[in-house]
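File shown: entry12.cif. Contents: mmCIF, C-alpha atoms.
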data_data
loop_
_atom_site.group_PDB
_atom_site.id
_atom_site.type_symbol
_atom_site.label_atom_id
_atom_site.label_comp_id
_atom_site.auth_asym_id
_atom_site.auth_seq_id
_atom_site.Cartn_x
_atom_site.Cartn_y
_atom_site.Cartn_z
ATOM 1 C CA MET A 186 5.930 5.737 22.751
ATOM 2 C CA GLY A 187 6.871 8.721 20.605
ATOM 3 C CA LYS A 188 5.028 12.008 20.471
ATOM 4 C CA LEU A 189 2.122 12.209 18.016
ATOM 5 C CA THR A 190 3.507 14.802 15.619
ATOM 6 C CA HIS A 191 0.289 15.453 13.672
ATOM 7 C CA PHE A 192 -1.289 17.254 16.640
ATOM 8 C CA GLU A 193 -0.432 20.503 18.374
ATOM 9 C CA ASP A 194 -2.530 21.689 21.296
ATOM 10 C CA GLY A 195 -5.063 19.007 20.363
ATOM 11 C CA LYS A 196 -5.490 20.323 16.818
ATOM 12 C CA PRO A 197 -4.425 18.513 13.645
ATOM 13 C CA ARG A 198 -1.487 19.920 11.724
ATOM 14 C CA MET A 199 0.759 19.014 8.848
ATOM 15 C CA VAL A 200 4.248 18.439 10.253
ATOM 16 C CA ASP A 201 6.825 21.016 9.164
ATOM 17 C CA VAL A 202 9.612 19.114 7.409
ATOM 18 C CA SER A 203 11.287 22.160 5.844
ATOM 19 C CA GLU A 204 14.369 21.879 8.083
ATOM 20 C CA LYS A 205 14.888 18.165 7.431
ATOM 21 C CA ALA A 206 17.406 16.927 4.881
ATOM 22 C CA ALA A 207 16.155 15.186 1.775
ATOM 23 C CA THR A 208 17.440 11.614 2.020
ATOM 24 C CA VAL A 209 16.755 8.375 0.177
ATOM 25 C CA ARG A 210 13.841 6.583 1.826
ATOM 26 C CA SER A 211 12.055 3.336 1.123
ATOM 27 C CA ALA A 212 9.059 1.455 2.498
ATOM 28 C CA THR A 213 7.484 -1.930 1.771
ATOM 29 C CA ALA A 214 3.958 -2.956 2.722
ATOM 30 C CA GLU A 215 1.659 -5.892 2.080
ATOM 31 C CA ALA A 216 -2.004 -6.863 1.966
ATOM 32 C CA THR A 217 -3.928 -10.034 1.174
ATOM 33 C CA VAL A 218 -7.139 -10.573 -0.763
ATOM 34 C CA LYS A 219 -8.848 -13.791 0.325
ATOM 35 C CA LEU A 220 -10.788 -15.392 -2.507
ATOM 36 C CA LEU A 221 -13.824 -17.646 -2.607
ATOM 37 C CA PRO A 222 -13.871 -20.618 -5.013
ATOM 38 C CA GLU A 223 -15.871 -18.689 -7.651
ATOM 39 C CA ALA A 224 -13.239 -15.940 -7.767
ATOM 40 C CA VAL A 225 -10.384 -18.448 -7.976
ATOM 41 C CA ARG A 226 -12.186 -20.157 -10.849
ATOM 42 C CA ALA A 227 -12.813 -16.847 -12.635
ATOM 43 C CA LEU A 228 -9.118 -15.940 -12.415
ATOM 44 C CA GLU A 229 -7.973 -19.380 -13.545
ATOM 45 C CA GLU A 230 -10.374 -19.362 -16.486
ATOM 46 C CA GLY A 231 -9.729 -15.743 -17.462
ATOM 47 C CA GLY A 232 -13.460 -15.071 -17.221
ATOM 48 C CA VAL A 233 -13.320 -11.503 -15.949
ATOM 49 C CA GLY A 234 -14.943 -9.191 -18.521
ATOM 50 C CA LYS A 235 -13.185 -6.031 -17.307
ATOM 51 C CA GLY A 236 -9.714 -7.283 -18.260
ATOM 52 C CA ASP A 237 -6.829 -8.772 -16.292
ATOM 53 C CA PRO A 238 -7.560 -7.967 -12.627
ATOM 54 C CA LEU A 239 -3.940 -8.267 -11.510
ATOM 55 C CA SER A 240 -2.555 -5.931 -14.188
ATOM 56 C CA VAL A 241 -5.261 -3.349 -13.566
ATOM 57 C CA ALA A 242 -4.694 -3.588 -9.785
ATOM 58 C CA GLN A 243 -0.946 -3.184 -10.256
ATOM 59 C CA LEU A 244 -1.468 0.070 -12.179
ATOM 60 C CA ALA A 245 -4.027 1.263 -9.618
ATOM 61 C CA GLY A 246 -1.532 0.642 -6.811
ATOM 62 C CA ILE A 247 1.186 2.619 -8.593
ATOM 63 C CA MET A 248 -1.223 5.492 -9.216
ATOM 64 C CA ALA A 249 -2.335 5.416 -5.569
ATOM 65 C CA ALA A 250 1.246 5.690 -4.309
ATOM 66 C CA LYS A 251 1.619 8.857 -6.388
ATOM 67 C CA LYS A 252 -1.664 10.307 -5.074
ATOM 68 C CA THR A 253 -1.284 9.501 -1.355
ATOM 69 C CA GLY A 254 -0.742 13.148 -0.393
ATOM 70 C CA GLU A 255 -4.148 13.931 -1.928
ATOM 71 C CA LEU A 256 -5.933 11.021 -0.216
ATOM 72 C CA ILE A 257 -4.571 11.114 3.354
ATOM 73 C CA PRO A 258 -5.231 14.567 4.860
ATOM 74 C CA LEU A 259 -1.924 15.221 6.647
ATOM 75 C CA CYS A 260 0.471 13.408 4.294
ATOM 76 C CA HIS A 261 2.985 15.474 2.385
ATOM 77 C CA PRO A 262 2.930 15.243 -1.401
ATOM 78 C CA LEU A 263 6.188 13.478 -2.247
ATOM 79 C CA PRO A 264 8.287 13.026 -5.372
ATOM 80 C CA ILE A 265 7.995 9.264 -5.784
ATOM 81 C CA THR A 266 11.121 7.951 -7.496
ATOM 82 C CA SER A 267 9.954 4.323 -7.673
ATOM 83 C CA ALA A 268 6.767 2.369 -7.013
ATOM 84 C CA ASP A 269 6.952 -1.408 -7.422
ATOM 85 C CA VAL A 270 3.560 -3.058 -6.871
ATOM 86 C CA ARG A 271 3.306 -6.825 -7.221
ATOM 87 C CA LEU A 272 0.323 -9.151 -7.039
ATOM 88 C CA GLU A 273 0.820 -12.883 -6.641
ATOM 89 C CA PHE A 274 -2.163 -15.147 -7.310
ATOM 90 C CA ARG A 275 -1.961 -18.239 -5.117
ATOM 91 C CA PRO A 276 -4.874 -20.433 -6.215
ATOM 92 C CA GLU A 277 -3.930 -23.290 -3.863
ATOM 93 C CA GLU A 278 -4.313 -20.866 -0.927
ATOM 94 C CA ALA A 279 -7.287 -19.025 -2.487
ATOM 95 C CA LEU A 280 -5.639 -15.626 -2.176
ATOM 96 C CA ILE A 281 -3.829 -12.811 -3.894
ATOM 97 C CA HIS A 282 -0.808 -11.441 -2.031
ATOM 98 C CA VAL A 283 -0.071 -7.764 -2.713
ATOM 99 C CA THR A 284 3.248 -6.068 -1.979
ATOM 100 C CA ALA A 285 4.390 -2.536 -2.699
ATOM 101 C CA THR A 286 7.809 -0.953 -2.330
ATOM 102 C CA VAL A 287 7.969 2.797 -2.737
ATOM 103 C CA LYS A 288 11.081 4.974 -2.824
ATOM 104 C CA THR A 289 11.795 8.681 -2.727
ATOM 105 C CA LYS A 290 14.487 11.213 -2.007
ATOM 106 C CA ALA A 291 12.649 13.608 0.287
ATOM 107 C CA GLU A 292 12.329 15.089 3.774
ATOM 108 C CA THR A 293 9.825 12.499 4.979
ATOM 109 C CA GLY A 294 9.183 8.803 4.480
ATOM 110 C CA VAL A 295 6.990 6.787 2.140
ATOM 111 C CA GLU A 296 5.336 4.355 4.559
ATOM 112 C CA MET A 297 1.876 5.740 3.819
ATOM 113 C CA GLU A 298 2.525 5.580 0.079
ATOM 114 C CA ALA A 299 3.449 1.887 0.261
ATOM 115 C CA MET A 300 0.396 1.053 2.389
ATOM 116 C CA THR A 301 -1.912 3.129 0.184
ATOM 117 C CA ALA A 302 -0.578 1.347 -2.904
ATOM 118 C CA CYS A 303 -1.401 -2.036 -1.331
ATOM 119 C CA ALA A 304 -4.833 -0.927 -0.158
ATOM 120 C CA VAL A 305 -5.883 0.470 -3.532
ATOM 121 C CA ALA A 306 -4.463 -2.515 -5.426
ATOM 122 C CA ALA A 307 -6.438 -4.848 -3.143
ATOM 123 C CA LEU A 308 -9.606 -2.762 -3.556
ATOM 124 C CA THR A 309 -9.140 -2.877 -7.315
ATOM 125 C CA VAL A 310 -8.909 -6.679 -7.192
ATOM 126 C CA TYR A 311 -12.192 -6.659 -5.269
ATOM 127 C CA ASP A 312 -13.798 -4.362 -7.841
ATOM 128 C CA MET A 313 -12.589 -6.514 -10.725
ATOM 129 C CA LEU A 314 -13.759 -9.794 -9.149
ATOM 130 C CA LYS A 315 -16.951 -8.764 -7.339
ATOM 131 C CA ALA A 316 -19.086 -10.038 -10.215
ATOM 132 C CA ALA A 317 -17.708 -13.529 -9.548
ATOM 133 C CA SER A 318 -17.960 -13.252 -5.754
ATOM 134 C CA LYS A 319 -18.893 -10.427 -3.407
ATOM 135 C CA GLY A 320 -17.513 -12.361 -0.434
ATOM 136 C CA LEU A 321 -13.870 -11.471 -1.071
ATOM 137 C CA GLU A 322 -11.990 -10.258 1.989
ATOM 138 C CA ILE A 323 -9.094 -7.801 2.225
ATOM 139 C CA THR A 324 -6.832 -8.468 5.206
ATOM 140 C CA GLY A 325 -3.369 -7.918 6.607
ATOM 141 C CA LEU A 326 -2.598 -4.413 5.377
ATOM 142 C CA ARG A 327 0.646 -3.595 7.162
ATOM 143 C CA LEU A 328 4.075 -2.064 6.885
ATOM 144 C CA LEU A 329 6.866 -4.618 6.510
ATOM 145 C CA HIS A 330 9.968 -2.430 6.280
ATOM 146 C CA LYS A 331 11.096 1.179 6.119
ATOM 147 C CA SER A 332 14.514 2.709 5.714
ATOM 148 C CA GLY A 333 16.007 6.178 5.645
ATOM 149 C CA GLY A 334 15.443 9.314 7.603
ATOM 150 C CA LYS A 335 16.232 10.151 11.210
ATOM 151 C CA SER A 336 14.632 7.002 12.622
ATOM 152 C CA GLY A 337 16.691 4.793 10.290
ATOM 153 C CA GLU A 338 15.653 1.257 9.480
ATOM 154 C CA TRP A 339 12.685 -0.634 10.851
ATOM 155 C CA ARG A 340 11.630 -4.179 9.941
ATOM 156 C CA ARG A 341 8.573 -6.115 11.087
ATOM 157 C CA GLY A 342 9.575 -9.158 13.106
ATOM 158 C CA PRO A 343 8.399 -12.701 12.432
#
Could you write out this structure as structure tokens?
Amino acid sequence: MGKLTHFEDGKPRMVDVSEKAATVRSATAEATVKLLPEAVRALEEGGVGKGDPLSVAQLAGIMAAKKTGELIPLCHPLPITSADVRLEFRPEEALIHVTATVKTKAETGVEMEAMTACAVAALTVYDMLKAASKGLEITGLRLLHKSGGKSGEWRRGP
């Protein structure tokens, strides 16, 4: 197991990346929102008074990727060059699958940005659909892939 770089002498610190080269980096994450029948019905019938939940959640996820450095205490603020957030409504499975791929050219990676985008998009779905059903469940927030930087490429196995 690697050294925990956000601690020095037991105290939290922001890692110094000033000596690292800016390279192209990418990360993809996912999350799932499990729906109850009332929420599936509301989505299928377009009966959500706040607007289209998936479009609003997509924008929220993009905004969250850009704000990750402000939300997670020891994350560096990064110049996001691309944030692709997608929500797929699967009524037959009673779920919404969220994916986010974030890219940058910087000294550190965008794994946290991709996961934050998924988390906020999923929370936005909950907010938009809670009137139909408060029993929605957000699960499976995880990193799927990252590339770039000193550690190179990593991909979640099957």
**OP:** Excluding segment 230-237 of chain A and any residue of its chain fewer than 3 positions from it, enumerate the residues within 8 Å of it, using only C-alpha atoms, and give them as a count of residues only.
**Re:** 6
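Separating atom CA of Lys331 of chain A from atom CA of Ala214 of chain A is a distance of 8.9 Å.
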**OP:** Might you pull out every residue within 8 Å of Thr266 of chain A, with all atoms listed in the file counted and same-chain residues fewer than 6 positions away left off, and present them as JSON, numbers by chain?
**Re:** {"A": [287, 288, 289, 290]}
Original post:
On this structure, which residues satisfy the PyMOL selection byres ((chain A and resi 258) around 12), written as number ranges by chain?
Top reply: A: 191, 197-200, 252-257, 259-262, 297
Next, dump the selected residues to file, keeping only C-alpha atoms, as an mmCIF file, in the frame of the given file.
data_model
loop_
_atom_site.group_PDB
_atom_site.id
_atom_site.type_symbol
_atom_site.label_atom_id
_atom_site.label_comp_id
_atom_site.auth_asym_id
_atom_site.auth_seq_id
_atom_site.Cartn_x
_atom_site.Cartn_y
_atom_site.Cartn_z
ATOM 1 C CA HIS A 191 0.289 15.453 13.672
ATOM 2 C CA PRO A 197 -4.425 18.513 13.645
ATOM 3 C CA ARG A 198 -1.487 19.920 11.724
ATOM 4 C CA MET A 199 0.759 19.014 8.848
ATOM 5 C CA VAL A 200 4.248 18.439 10.253
ATOM 6 C CA LYS A 252 -1.664 10.307 -5.074
ATOM 7 C CA THR A 253 -1.284 9.501 -1.355
ATOM 8 C CA GLY A 254 -0.742 13.148 -0.393
ATOM 9 C CA GLU A 255 -4.148 13.931 -1.928
ATOM 10 C CA LEU A 256 -5.933 11.021 -0.216
ATOM 11 C CA ILE A 257 -4.571 11.114 3.354
ATOM 12 C CA LEU A 259 -1.924 15.221 6.647
ATOM 13 C CA CYS A 260 0.471 13.408 4.294
ATOM 14 C CA HIS A 261 2.985 15.474 2.385
ATOM 15 C CA PRO A 262 2.930 15.243 -1.401
ATOM 16 C CA MET A 297 1.876 5.740 3.819
#
Can you tell me, as an mmCIF file with C-alpha atoms, in the frame of the given file, what residues are no more than 12 Å from Lys319 of chain A when counting all atoms listed in the file, ignoring any on the same chain fewer than 2 positions away?
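See out_12.cif below for the written result:
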data_model
loop_
_atom_site.group_PDB
_atom_site.id
_atom_site.type_symbol
_atom_site.label_atom_id
_atom_site.label_comp_id
_atom_site.auth_asym_id
_atom_site.auth_seq_id
_atom_site.Cartn_x
_atom_site.Cartn_y
_atom_site.Cartn_z
ATOM 1 C CA LYS A 219 -8.848 -13.791 0.325
ATOM 2 C CA LEU A 220 -10.788 -15.392 -2.507
ATOM 3 C CA LEU A 221 -13.824 -17.646 -2.607
ATOM 4 C CA PRO A 222 -13.871 -20.618 -5.013
ATOM 5 C CA GLU A 223 -15.871 -18.689 -7.651
ATOM 6 C CA ALA A 224 -13.239 -15.940 -7.767
ATOM 7 C CA VAL A 310 -8.909 -6.679 -7.192
ATOM 8 C CA TYR A 311 -12.192 -6.659 -5.269
ATOM 9 C CA ASP A 312 -13.798 -4.362 -7.841
ATOM 10 C CA MET A 313 -12.589 -6.514 -10.725
ATOM 11 C CA LEU A 314 -13.759 -9.794 -9.149
ATOM 12 C CA LYS A 315 -16.951 -8.764 -7.339
ATOM 13 C CA ALA A 316 -19.086 -10.038 -10.215
ATOM 14 C CA ALA A 317 -17.708 -13.529 -9.548
ATOM 15 C CA LEU A 321 -13.870 -11.471 -1.071
ATOM 16 C CA GLU A 322 -11.990 -10.258 1.989
ATOM 17 C CA ILE A 323 -9.094 -7.801 2.225
#
**OP:** Evaluate the PyMOL selection byres ((chain A and resi 300) around 7) on the structure here and hand back the selected residues as a PyMOL selection string.
**Re:** chain A and resi 214+296-299+301-304+326-328
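Those residues that approach Ala306 of chain A to within 8 Å, counting only C-alpha atoms, are A:Ala242, A:Gln243, A:Leu244, A:Ala245, A:Gly246, A:Val283, A:Ala302, A:Cys303, A:Thr309, A:Val310; same-chain residues fewer than 3 positions away are not listed.
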Subject >> Selected residue of minimal separation from Ser332 of chain A among A:Thr293, A:Thr217, A:Ser203, A:Thr190, counting all atoms listed in the file >> reply: A:Thr293
Subject >> Which of A:Glu204, A:His330, A:Val225, A:Gly342 sits closest to Arg275 of chain A [using all atoms listed in the file] >> reply: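 So, comparing all the options, the nearest one is A:Val225.
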Original post:
By how many Å are atom CA of Thr286 of chain A and atom CA of Glu229 of chain A apart?
Top reply: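 Atom-to-atom, atom CA of Thr286 of chain A and atom CA of Glu229 of chain A are spaced 26.7 Å apart.
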Original post:
Any idea what the distance is between atom CA of Leu272 of chain A and atom CA of Ala212 of chain A?
Top reply: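 A separation of 16.7 Å between them.
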Original post:
Between A:Val209, A:Ala216, A:Leu228, A:Leu263, which is the closest to Ala285 of chain A once you count all atoms listed in the file?
Top reply: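 Looking at the shortest contact to Ala285 of chain A, the residue is A:Ala216.
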Original post:
When distances are computed from only C-alpha atoms, which of A:Leu280, A:Ala291, A:Ile265, A:Ser336 shows the smallest separation from Ala250 of chain A?
Top reply: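 Selected residue with least distance to Ala250 of chain A: A:Ile265.
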Subject >> Among the residues A:Val295, A:Val270, A:Ala206, A:Val218, the one that comes closest to Leu308 of chain A [using all atoms listed in the file] >> reply: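 With all atoms listed in the file as the atom set, the closest residue is A:Val218.
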Can you report as AutoDock Vina command-line options the centre and edge lengths in Å, to one decimal, of an axis-aligned box around the listed atoms of segment 228-236 of chain A padded with 4 Å on each side?
--center_x -11.5 --center_y -12.7 --center_z -15.5 --size_x 15.0 --size_y 21.3 --size_z 14.1
